[in-house]
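This report concerns only the one structure given below.
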Amino acid sequence: MSDETGASEYRSGREGWWAALLPGLPYLLRRRWIAGFGILAMAAFLAAVLVLGRERVFATLAGGGGDIDDWVAFATLTLGLGSLWGLSFAALRSGPGGDRSAAWSQWSTAAREFTKNRLAVVGLGALVVLTAVTLLAPYLAPYDPVHIGDVVGTRNLRPSLDHLMGTDKLGRDVFSRVLYGARISLAIGFTAIAIAITLGTAVGAAAGYFGGVVDAILMRIVDVLIAFPRLVLLIVVVSLLGHSVNIVIIVLGLTLWPSTARIVRGEVLSLREREFIQAARALGFGDRRIIARHVIPNVMAPVIVGATLGIGNVILIESGLSFLGLGVPIDVPTWGRILDDGRAALLSTWWVTTFPGLAIVYTVVAINLIGDGLRDALDPRLRM
Amino acid sequence: MSPPILTVEQLRTYIHRGEQTLRAVDGVSLSLHAGETLGIVGESGCGKSLTCLSIMGLIEEPVRIEPGSSIRLHDRELSELSLRELETIRGNEISMIFQEPMTSLNPVWTVGDQIAEPVRIHRRADAGEARARAIEMLELVGFPNPEERVDSYPHELSGGMQQRAMIAMALACEPAVLIADEPTTALDVTIQAEIIDLLADLQRRLGMAMIFVSHDLGVVSQIADRVAVMYAGQVVEEGDVGDMFRRPRHPYTEGLLRCLPRLDRKVARLPVIPGDVPSPRDWPGGCRFHPRCAYAWERCLSAAPALTGEEHLSRCWLEEEPERRVPSRAGEPGADS
Amino acid sequence: VTACIDAGDRSRENDDAPVPEELRFGGTAVVGFLAEASSMNEFASNDINSDELQSYVLFTTLVRYDEDLQLVPYLAESWETTSDGEQRTLTFHLRHAVKWHDGAPTTAYDVAFTFDRIKALGRLFPRAASFSNYDSAVVQDSFTVTFFLKPHPGFLDPWSFTSPMPQHILGDVPLAELQQDPFGSVSPVGNGPFRFVEHRPGDRWVFEATTDFPEALGGRPYVDRLVYRIIPEPTTMLAELMSGELDVYLGVAPSQVEQVESSPTARVLRYETRIYAFINWNARRPLFADPAVRRALTLGIDRERLVEAVRYGMGEVAYSPLPPYHWAHNSQLQPLPYDPDSARALLDAAGWVDSDGDGVRERDGDRASFELITNSNPVREDVLEIVASDLATVGVEVIPRVLEAQTLGATITGSDRDFDAFVLGWGPQFEQNDRRIFGCATPEGLFHWAGYCNPRVDELLDRVASLEDRAQALPLWFEYQEIIQRDQPYTFLYYETRAIGIKNRLRAVEMDVRGTLINVNDWWIEPGSRRQIAASRSP
Amino acid sequence: MKRNAPGSVEPLVSVEELTRHFPIKKGLLRRTTGYIRAVDGITFDVRHGETLALVGESGCGKTTVARTLLRLLEPTSGRIVFNGEDVAQLNRQQLLAFRRRAQIIFQDPFGSLNPRMTVGSVLEEVIRVHGLAENGGLQRRVTELLSAVGLDPADARRYPHQFSGGQRQRIVIARALAVEPEFIVADEPVSALDVSVQAQVLNLLADLQERFHLTYLFVSHDLSVVRHIADRVAVMYLGKIVEIGDSETLFENPQHPYTEALLSAVAVVGAADDSRPIVLSGELPSPANPPRGCPFHPRCPHPEKDEVCRTTPPPLEAKAGGGMAACHKVVGRESSGPGQP
Amino acid sequence: MTSYLLRRLLYAVPLLWGILTLVFFIMHAAPGDPSAMYLLNPNVSQEVVEQIRSNWGLDEPLAVQYWSWLVNFASGDFGLSLAQQRPISAILADRIPNTLLLSGTALVLIFLIGIALGVIQAVRQYSTLDNVLTFGALLIYSMPTFWLGLMLILIFAHLSYQIDGWPELLRFPASGTTSIQYDMLGFFGKLGDRIHHLILPAFALGVGSAASVARYTRSSMLEVIRQDYIRTARAKGVPGHRVIMKHALRNAMLPIITLLGLYLPFLLSGSVLVEYVFAWPGMGDTIIKAILQRDYPLVMATSFVFAVMVVIGNLLADVLYAVVDPRIRYE
Ligand SMILES: Nc1ncnc2c1ncn2[C@@H]1O[C@H](COP(=O)(O)OP(=O)(O)OP(=O)(O)O)[C@@H](O)[C@H]1O
Ligand SMILES: Nc1ncnc2c1ncn2[C@@H]1O[C@H](COP(=O)(O)OP(=O)(O)OP(=O)(O)O)[C@@H](O)[C@H]1O
Ligand SMILES: [Mg+2]
Ligand SMILES: [Mg+2]
């Protein structure tokens with residue numbers, strides 16, 4: 001299982017420590033082009049943010065902002081640059097693809113498989129960029145995303161250099177809003193899916209493993225929930241509990257788990273007959289141990305793939321909810337919200353609706369590319 | 001002896017996976033004469049199936065037949081034919097049956113349709129003729145009431161019957177060569193006996209040549225006229241069946257024969273071939289069998305022997321230095337690990 | 001496939017050369033609205049769209065308001081009243097020539113039938129309150145009907161929106177099934193300028209001109225067909241207007257107005273409505289109990305800018321519960337100005353000070369922070385955001401929250417009144433009854449959201465409720481408005497002006513505070529640009 | 001290393017009239033309309049220290065017997081007595097103790113190991129769950145086990161997919177040994193292995209038996225393997241035992257026509273050319289619908305097959321040739337005479 | 001098979017009951033009740049609201065309301081829409097055909113286009129065409145349906161009329177099922193008119209799913225191509241295209257058919273937004289309005305229709321499965 005053989009010529013650290021000063025250079029010297037250029041580009045991007053946004057960075061340091069958002073951004077910036085350099089130094093020290101411990105081999109095989117899929121790597125890159133941009137929003141956003149100024153003079157401006165994506169009907173900069181919106185939209189996507197897969201995996205594993213009555217009851221619940229009009233639930237819960245990001249997350253999480261449960265159950269059913277599970281039972285292991293240690297780790301691959309694809313789905317659903325007026329609070333700029341703001345005037349101020357829509361498409365595409373890549377990388381049939 | 005129908009020379013079929021090249025079949029030469037059955041034996045992963053598939057031209061990226069290989073059917077060089085031309089030969093002049101009858105039959109078509117298909121393609125028969133031929137073939141392979149069974153789906157048949165249907169399909173166009181890749185491995189012993197019986201019988205009646213692949217030396221010894229033993233992508237020994245099993249020349253064949261538990265006598269402890277079957281990822285250097293060979297000496301580590309001999313060939317330095325046929329390791333044969 | 005011809009449509013300069021009357025007949029006018037008109041059954045419908053179609057298209061009302069908001073005869077040729085102090089009679093003389101569309105004449109029996117059913121339905125009739133002072137009806141002859149009622153101001157008003165229903169069709173329907181009769185949606189028969197052709201629920205109502213509609217009531221409409229289409233999405237609606245599928249787009253969103261105006265083939269018509277938008281402060285809450293604080297909040301909101309921002313100027317800053325069209329509207333009052341400094345001063349004086357420097361005032365441990373709610377409606381959502389941003393500058397924190405309409409309704413009318421403040425629009429009837437909102441007699445009343453109570457206001461409102469003489473009532477109304485101005489139970493935001501988009505080929509469209517279809521009889525389409533197929537049907 | 005099974009001693013496992021049916025559900029209400037009689041009333045003993053082999057064709061119920069013995073499947077009826085205890089009656093605690101004494105090895109060395117756990121952690125987990133070693137002793141025990149099955153202790157850090165089939169089967173054996181059992185059910189442990197490796201594993205099993213005084217129930221369909229390893233052999237057909245006896249006797253002198261056919265069908269290298277296998281006609285009947293009478297009668301090549309075979313199921317009884325068989329046509333031990341078919 | 005179908009239908013009864021019961025209680029847990037639609041109407045007085053409440057039985061204990069609903073529902077009486085004052089059966093009769101027309105068209109498009117593209121991609125795996133199609137499908141799949149709908153309107157129903165040289169064929173109406181002059185058209189005119197109105201919404205509704213069907217088909221096809229029986233077919237000398245069309249496609253269809261069952265209800269709910277955007281008078285609009293107006297009986301009925309669609313969808317998938325796969329024979 002040697003690593004890319006082409007790199008082995010550079011095995012010993014021929015180049016000096018200085019090579020790591022330029023982040024990514026050690027990788028480039030080892031002909032690991034994607035990693036090298038990726039790191040280089042990220043570093044360049046962060047450096048540019050540092051230089052262009054220096055005033056706000058100083059403000060953060062001076063404690064003027066004091067906002068947690070600012071600190072998150074600052075941490076992202078420093079940790080980001082730090083880790084990129086760290087990676088480069090590490091690469092320098094270890095030589096190319098230094099032998100990883102055996103415990104890693106599972107994941108590194110998957111990782112290698114994943115990096116072979118170019119589109120998936122592009123998707124991952126796109127998501128990394130998006131995440132970085134999201135976290136750095138306070139330094140990148142040229143305007144305050146929620147502040148309403150002198151509306152009349154500043155509203156509905158076409159995209160221009162001042163306002164890359166124009167302004168909306170209340171004169172807010174769409175670009176800044178889209179940047180900040182990414183945070184909420186992504187947070188909703190990730191958290192809702194986290195809830196859904198936790199619940200879905202637990203239920204699916206229990207149903208599949210225990211079978212019989214447990215299975216029958218749990219699966220009937222799943223059937224009901226899948227055939228249940230989600231809209232009814234959303235409207236009722238949002239009305240009962242009010243619009244808030246947390247509510248939307250919880251409701252989405254709670255409505256999305258049944259499909260995960262079904263997938264997991266199916267996997268567990270076939271897993272249950274696998275001989276290592278039988279062996280675990282013969283060895284007297286308790287059910288909880290078998291489920292936790294032997295069943296669930298082995299169904300994670302499809303769950304992870306499903307979860308990845310699900311994140312995109314959640315982002316889409318959230319935007320649909322906002323469209324129906326059931327989304328997050330109005331003062332929270334999510335993509336769905338921003339998009340909805342421009343809806344009535346779509347034919348004239350097309351930019352307000354179009355750009356957040358494109359942001360959604362960008363993100364969902366990236367996530368799906370990753371999901372497809374993961375599917376291939378984690379599929380044991382494709383591995384020897 | 002008349003010229004062989006099928007000649008394989010220096011067949012090398014490699015698998016290109018990223019930067020790796022797996023030399024799964026690495027210089028196999030075989031020849032098959034009319035009416036003859038050539039047995040190929042070898043353990044899992046030694047390249048038996050790939051050899052067969054290469055002959056059929058059924059390999060696909062990332063598996064490739066390397067230049068310099070030659071597969072000749074009568075006088076035609078198969079490895080140079082276009083896909084279109086190959087298609088007219090497959091199932092027509094040369095047919096193949098596979099190990100798993102269950103997965104090798106298309107589950108959504110009736111066996112009749114599947115048997116009739118090569119007839120329709122190669123003989124341009126109409127539906128009625130093809131069906132009649134299918135029934136005829138089913139009868140030939142020993143189906144009870146073939147008129148009815150022609151309309152069954154594969155899952156409605158037992159494993160033995162499925163394999164019979166596969167055979168019927170392969171023989172529908174009366175090919176000159178039949179390649180049977182472990183046709184009985186997935187079957188029970190009693191059924192296996194039936195199928196072998198059937199194949200031997202059909203071969204006699206139809207006069208075709210057959211390559212019979214198996215990892216079971218017993219089975220091969222029953223049906224084959226000549227046997228080629230494969231190890232690590234190469235033929236290591238080839239010869240007449242009786243001769244080979246009575247007097248194996250290659251240490252691998254010898255080891256194989258000795259380590260089989262026997263029905264007719266009981267030994268306290270089985271002699272073993274130490275170590276594991278190597279993987280094509282990294283064949284051992286020198287003689288590929290040397291790490292497991294009881295006789296191996298320096299020469300075996302450094303240089304690869306060639307397949308030598310007249311009627312009975314062997315790929316071993318012992319052919320040149322027969323005096324070394326003395327176990328070199330203490331306690332051999334019989335050591336465990 | 002598109003049948004409309006926009007080519008010859010050369011906007012308004014043609015107005016100088018009027019098209020001769022006889023050429024105005026023909027064509028199909030398509031009106032688009034965002035919501036469905038639920039029913040043509042007077043007894044069942046309660047939405048404004050159904051009302052308008054009933055009053056101006058399919059049926060005829062006894063009386064109508066004219067441009068000056070004076071009641072004028074319509075189906076009733078004339079009326080007279082008598083009064084003996086306790087009891088009043090009202091006698092209508094109906095026109096003779098008005099026929100139901102199935103040929104039967106419209107008679108006094110129909111009027112009495114309608115009235116009887118309304119009374120019989122009692123509280124099941126959505127507008128039961130309008131007839132609460134009416135006692136009974138007696139048919140004098142086929143075309144004369146007399147009502148007995150208690151004297152009250154605006155006693156004729158109910159007849160301006162209640163159209164008689166055909167007795168010969170609905171007479172046999174049991175009361176319990178009256179509201180669900182297929183008449184409402186499937187087979188209405190009217191007596192108005194248009195007859196019913198088709199209803200595809202959720203999609204369209206189709207009417208065609210009544211050719212023998214009496215001249216006295218306006219005569220045959222110019223257009224042959226009137227189609228009322230339902231298109232819930234504003235963008236879709238606008239696209240349909242621009243492409244010519246629609247002739248009228250009712251309820252153009254403020255942000256769309258400019259685009260319609262800039263179109264060479266369409267124009268915008270703005271008209272005043274009865275609706276005002278306001279913020280209701282829940283005076284039961286400590287923050288809003290003090291009128292000075294409410295005043296400060298009003299002063300802290302830049303309502304001029306608000307109107308400009310959310311309504312693109314379509315509206316006027318409001319200050320009184322009686323909109324400007326109302327005869328008793330007190331135009332001597334001035335809206336409170338935008339004056340954040342005074343607002344801050346008032347808040348300071350009321351004890352609300354920002355002592356911990358977080359930008360939000362507090363008093364006795366309460367923060368000057370509240371939830372401002374509204375229903376999901378793009379314009380009102382904007383209002384929330386602007387109010388929040390304005391009040392932030394005077395040290396009051398506003399948490400905007402949007403509820404779905406029914407939830408909002410349930411929240412603000414619920415007995416525990418669990419809310420801080422909300423933004424809503426309210427469209428009072430011509431006969432205004434503000435006791436429901438500001439009177440303290442019924443604090444648990446449905447509309448008594450504000451929790452406002454002022455004995456003087458009660459007194460004033462009670463008096464005007466029984467005074468028939470406007471001259472006597474006027475000073476009382478004025479005083480009422482002054483008190484409201486001072487106490488600010490609501491912060492009035494604006495009187496709403498609405499816009500409709502009209503294709504230039506459709507002429508003579510008028511709308512005002514009375515509604516959108518008031519002169520639908522007179523609409524006509526330029527002869528050259530009618531939808532082709534319909535054109536062949538002109539007389 | 002042939003030991004004569006001490007017949008007098010109390011058997012380690014004794015199985016009485018064991019039956020396991022799988023319901024077939026059909027119809028509108030998913031009523032159970034029939035049963036697959038996977039195991040249909042079988043009785044046998046496994047004696048201390050012996051290897052009893054269970055042979056038979058695919059689907060005859062071997063695996064079901066194996067799993068039921070270890071209570072991985074509940075028996076439909078019948079009794080399994082292990083060391084005097086009824087296995088079906090064990091409570092949780094006793095079951096855990098039972099599992100320390102009886103273990104199972106499966107056929108597929110790929111499927112028997114959790115692909116996500118290193119070999120070391122597989123073994124550690126077993127030892128920990130059963131509290132068989134303290135923290136310090138844990139590593140030592142793992143090393144011991146690995147060397148016992150002929151693996152390098154350094155392999156503990158590797159994952160199953162990094163091993164060959166034979167090595168994996170060794171790991172599986174080590175895992176079973178970890179609880180120090182006295183009884184091991186081996187369900188076709190070598191069927192998936194290459195012949196050259198099969199011999200290694202068979203030798204290993206034999207060595208371990210000697211070293212740890214193990215008792216084996218060895219399931220296989222390969223008669224040569226069975227011949228090599230078993231002290232006694234039970235032949236199953238359609239959920240029933242049709243013949244059971246000492247390995248030697250059974251192979252030299254099979255009593256039941258099915259055993260005979262089975263033996264003749266084995267392809268042996270260098271067998272005489274005239275030793276044609278007895279080709280059975282007809283197909284293996286389904287265990288859902290076994291034939292009436294003798295389950296083997298539709299395929300039976302016995303020349304004297306008659307009405308009795310078709311109607312009356314033959315009992316498993318001692319036969320003159322030694323061992324016990326279920327056949328009407330083979331003469332029983334009491335009625336003397338050679339009685340060879 | 002019949003018995004199987006019957007059993008499935010029997011099984012559906014408790015499922016539907018479960019769903020509806022859940023809907024019932026969840027709906028009643030929501031703030032407001034049907035009378036709430038009068039709460040913000042200045043024309044309506046308090047007394048009216050109270051009267052209506054008692055008239056509609058809303059002041060009774062929940063259990064009583066539930067029981068009476070259940071009894072009526074079980075006897076096939078959907079009741080009356082409170083908001084529209086019309087029999088619910090009539091409302092459904094108006095709306096369901098429109099929705100079925102839209103969803104059905106979308107479904108057909110989804111499967112025709114999706115499968116065709118998927119097969120092409122699988123056959124040309126890793127070619128430029130495959131990559132372009134894969135990426136394009138992903139792009140479309142990643143668009144929010146309603147956003148796509150709005151964009152389609154912006155381009156094909158708005159800009160198309162503003163731009164002079166735009167081909168007439170690519171101008172579409174933005175809303176509705178038929179034109180104003182529909183009644184006056186001849187048969188083909190009517191047909192054309194309907195198709196013309198159907199194109200944009202069906203496209204908006206279906207194209208995303210078509211993209212995902214294409215993805216599934218592609219991977220299913222690639223999986224099937226690896227199977228032994230495909231090798232068998234090629235060993236018989238079956239030409240390449242015939243291997244794909246005859247041997248691979250039908251097997252590859254099996255997982256796709258399960259999607260069919262999943263898409264039916266999905267389309268139904270997906271159509272909520274699309275119907276709204278394109279003013280398509282179908283179930284979607286009715287469901288939303290009913291929920292928003294707390295029109296309990298109508299919510300129950302629409303949920304019922306929805307759940308029945310799920311059941312039918314699954315059943316349809318199972319039946320088709322059996323049709324395509326002879327191994328599956330339901331008892
Ligand atoms: N399509 C393929 N892609 C990658 N590797 C392959 C492919 N086909 C065969 N191999 C590898 O090539 C080697 C030889 O395979 P082959 O199938 O010829 O072995 P075999 O002798 O037939 O073994 P068996 O007895 O298991 O059938 C094996 O290691 C196998 O894993
Ligand atoms: N869980 C189950 N449900 C239903 N039927 C089963 C189940 N397990 C086994 N069977 C059936 O019981 C019969 C006996 O199966 P078993 O696995 O015991 O056979 P076997 O002798 O081990 O076969 P093999 O040699 O193929 O492993 C078979 O017909 C099988 O189909
Ligand atoms: Mg093979
Ligand atoms: Mg088994």
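By convention in this document, the chains of the structure tokens carry letters A, B, ... by their order, each chain's residues are numbered from 1, and ligands are numbered from 1 in the order they are shown.
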Within 7 Å of ligand 3, which residues of chain B come that close, and what is the closest atom pair and distance in Å for each? Count only C-alpha atoms and all ligand atoms and give it as a Markdown table.
```
| residue | atom | partner | partner_atom_place_in_ligand_line | distance |
| --- | --- | --- | --- | --- |
| B:Ser44 | CA | ligand 3 | 1 (Mg) | 6.7 |
| B:Gly45 | CA | ligand 3 | 1 (Mg) | 7.0 |
| B:Lys48 | CA | ligand 3 | 1 (Mg) | 5.6 |
| B:Ser49 | CA | ligand 3 | 1 (Mg) | 4.0 |
| B:Asp181 | CA | ligand 3 | 1 (Mg) | 6.7 |
```
| query | Counting only C-alpha atoms, which residues of chain E come no farther than 7 Å from chain D, as JSON, numbers by chain? | reply | {"E": [3, 4, 6, 7, 331]}
_If we count only C-alpha atoms and set the cut-off at 12 Å, which residues sit around Met165 (chain C), ignoring sequence neighbours fewer than 4 positions away in its own chain? Please answer as number ranges by chain._
C: 40-44, 54-55, 58-62, 99-101, 105-118, 169-171, 178, 183-184, 188-192
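Shortest separation to Arg149 (chain B) among B:Val111, B:Leu187, B:Ala172, B:Ile40 occurs at residue B:Val111, atoms counted being only C-alpha atoms.
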Please list as a PDB file with N, CA, C and O atoms, in the first residue's frame every residue within 12 Å of Glu459 (chain C), counting only C-alpha atoms and excluding residues in the same chain fewer than 3 positions away.
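Output file out24.pdb follows:
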```pdb
ATOM      1  N   ASP C 434     -65.991  52.227  16.677  1.00  0.00           N
ATOM      2  CA  ASP C 434     -64.711  52.089  17.365  1.00  0.00           C
ATOM      3  C   ASP C 434     -64.847  51.608  18.801  1.00  0.00           C
ATOM      4  O   ASP C 434     -63.854  51.404  19.481  1.00  0.00           O
ATOM      5  N   ARG C 435     -66.113  51.433  19.235  1.00  0.00           N
ATOM      6  CA  ARG C 435     -66.265  50.916  20.599  1.00  0.00           C
ATOM      7  C   ARG C 435     -65.614  49.547  20.732  1.00  0.00           C
ATOM      8  O   ARG C 435     -65.162  49.158  21.773  1.00  0.00           O
ATOM      9  N   PHE C 438     -61.673  50.534  21.184  1.00  0.00           N
ATOM     10  CA  PHE C 438     -61.185  51.400  22.254  1.00  0.00           C
ATOM     11  C   PHE C 438     -62.128  51.501  23.441  1.00  0.00           C
ATOM     12  O   PHE C 438     -61.783  52.101  24.450  1.00  0.00           O
ATOM     13  N   GLY C 439     -63.355  50.977  23.301  1.00  0.00           N
ATOM     14  CA  GLY C 439     -64.287  51.100  24.414  1.00  0.00           C
ATOM     15  C   GLY C 439     -63.901  50.181  25.558  1.00  0.00           C
ATOM     16  O   GLY C 439     -63.507  49.041  25.334  1.00  0.00           O
ATOM     17  N   CYS C 440     -64.039  50.697  26.800  1.00  0.00           N
ATOM     18  CA  CYS C 440     -63.627  49.789  27.872  1.00  0.00           C
ATOM     19  C   CYS C 440     -64.776  48.987  28.451  1.00  0.00           C
ATOM     20  O   CYS C 440     -64.611  48.239  29.405  1.00  0.00           O
ATOM     21  N   ALA C 441     -65.971  49.135  27.877  1.00  0.00           N
ATOM     22  CA  ALA C 441     -67.099  48.378  28.395  1.00  0.00           C
ATOM     23  C   ALA C 441     -66.857  46.870  28.281  1.00  0.00           C
ATOM     24  O   ALA C 441     -67.229  46.101  29.155  1.00  0.00           O
ATOM     25  N   CYS C 453     -58.273  52.088  28.033  1.00  0.00           N
ATOM     26  CA  CYS C 453     -59.538  52.444  28.641  1.00  0.00           C
ATOM     27  C   CYS C 453     -59.532  53.898  29.084  1.00  0.00           C
ATOM     28  O   CYS C 453     -58.648  54.342  29.829  1.00  0.00           O
ATOM     29  N   ASN C 454     -60.510  54.621  28.568  1.00  0.00           N
ATOM     30  CA  ASN C 454     -60.639  56.029  28.925  1.00  0.00           C
ATOM     31  C   ASN C 454     -62.128  56.316  28.983  1.00  0.00           C
ATOM     32  O   ASN C 454     -62.819  56.244  27.960  1.00  0.00           O
ATOM     33  N   PRO C 455     -62.661  56.638  30.157  1.00  0.00           N
ATOM     34  CA  PRO C 455     -64.105  56.811  30.310  1.00  0.00           C
ATOM     35  C   PRO C 455     -64.680  57.851  29.354  1.00  0.00           C
ATOM     36  O   PRO C 455     -65.778  57.688  28.819  1.00  0.00           O
ATOM     37  N   ARG C 456     -63.898  58.851  29.097  1.00  0.00           N
ATOM     38  CA  ARG C 456     -64.390  59.896  28.197  1.00  0.00           C
ATOM     39  C   ARG C 456     -64.561  59.344  26.785  1.00  0.00           C
ATOM     40  O   ARG C 456     -65.539  59.646  26.096  1.00  0.00           O
ATOM     41  N   ASP C 462     -70.177  56.054  22.776  1.00  0.00           N
ATOM     42  CA  ASP C 462     -71.570  55.685  22.988  1.00  0.00           C
ATOM     43  C   ASP C 462     -72.501  56.727  22.383  1.00  0.00           C
ATOM     44  O   ASP C 462     -73.501  56.389  21.754  1.00  0.00           O
ATOM     45  N   ARG C 463     -72.144  57.984  22.570  1.00  0.00           N
ATOM     46  CA  ARG C 463     -73.012  59.034  22.050  1.00  0.00           C
ATOM     47  C   ARG C 463     -73.087  58.989  20.535  1.00  0.00           C
ATOM     48  O   ARG C 463     -74.171  58.981  19.956  1.00  0.00           O
ATOM     49  N   VAL C 464     -71.950  58.919  19.892  1.00  0.00           N
ATOM     50  CA  VAL C 464     -72.001  58.957  18.421  1.00  0.00           C
ATOM     51  C   VAL C 464     -72.683  57.716  17.860  1.00  0.00           C
ATOM     52  O   VAL C 464     -73.197  57.739  16.742  1.00  0.00           O
ATOM     53  N   ALA C 465     -72.718  56.652  18.635  1.00  0.00           N
ATOM     54  CA  ALA C 465     -73.335  55.429  18.133  1.00  0.00           C
ATOM     55  C   ALA C 465     -74.836  55.587  17.985  1.00  0.00           C
ATOM     56  O   ALA C 465     -75.480  54.820  17.277  1.00  0.00           O
ATOM     57  N   SER C 466     -75.424  56.560  18.666  1.00  0.00           N
ATOM     58  CA  SER C 466     -76.864  56.676  18.543  1.00  0.00           C
ATOM     59  C   SER C 466     -77.295  57.997  17.899  1.00  0.00           C
ATOM     60  O   SER C 466     -78.469  58.199  17.630  1.00  0.00           O
ATOM     61  N   LEU C 476     -68.136  65.635  18.671  1.00  0.00           N
ATOM     62  CA  LEU C 476     -67.801  64.493  19.517  1.00  0.00           C
ATOM     63  C   LEU C 476     -66.706  63.647  18.856  1.00  0.00           C
ATOM     64  O   LEU C 476     -65.746  63.207  19.482  1.00  0.00           O
ATOM     65  N   TRP C 477     -66.908  63.420  17.589  1.00  0.00           N
ATOM     66  CA  TRP C 477     -65.898  62.681  16.832  1.00  0.00           C
ATOM     67  C   TRP C 477     -64.551  63.397  16.911  1.00  0.00           C
ATOM     68  O   TRP C 477     -63.512  62.751  17.059  1.00  0.00           O
ATOM     69  N   GLU C 479     -63.422  65.400  19.221  1.00  0.00           N
ATOM     70  CA  GLU C 479     -62.808  65.272  20.531  1.00  0.00           C
ATOM     71  C   GLU C 479     -62.221  63.863  20.710  1.00  0.00           C
ATOM     72  O   GLU C 479     -61.106  63.688  21.219  1.00  0.00           O
ATOM     73  N   TYR C 480     -62.991  62.914  20.242  1.00  0.00           N
ATOM     74  CA  TYR C 480     -62.515  61.530  20.311  1.00  0.00           C
ATOM     75  C   TYR C 480     -61.135  61.396  19.650  1.00  0.00           C
ATOM     76  O   TYR C 480     -60.191  60.838  20.208  1.00  0.00           O
TER      77      TYR C 480
END
```
| message | How would you report the residues lying within 9 Å of ligand 2, as a ChimeraX atom specification, if you count only C-alpha atoms and all ligand atoms? | response | /A:273 /B:188 /D:20-24,35-39,55-67,73,107,187-188,219-221,236-239,286-288
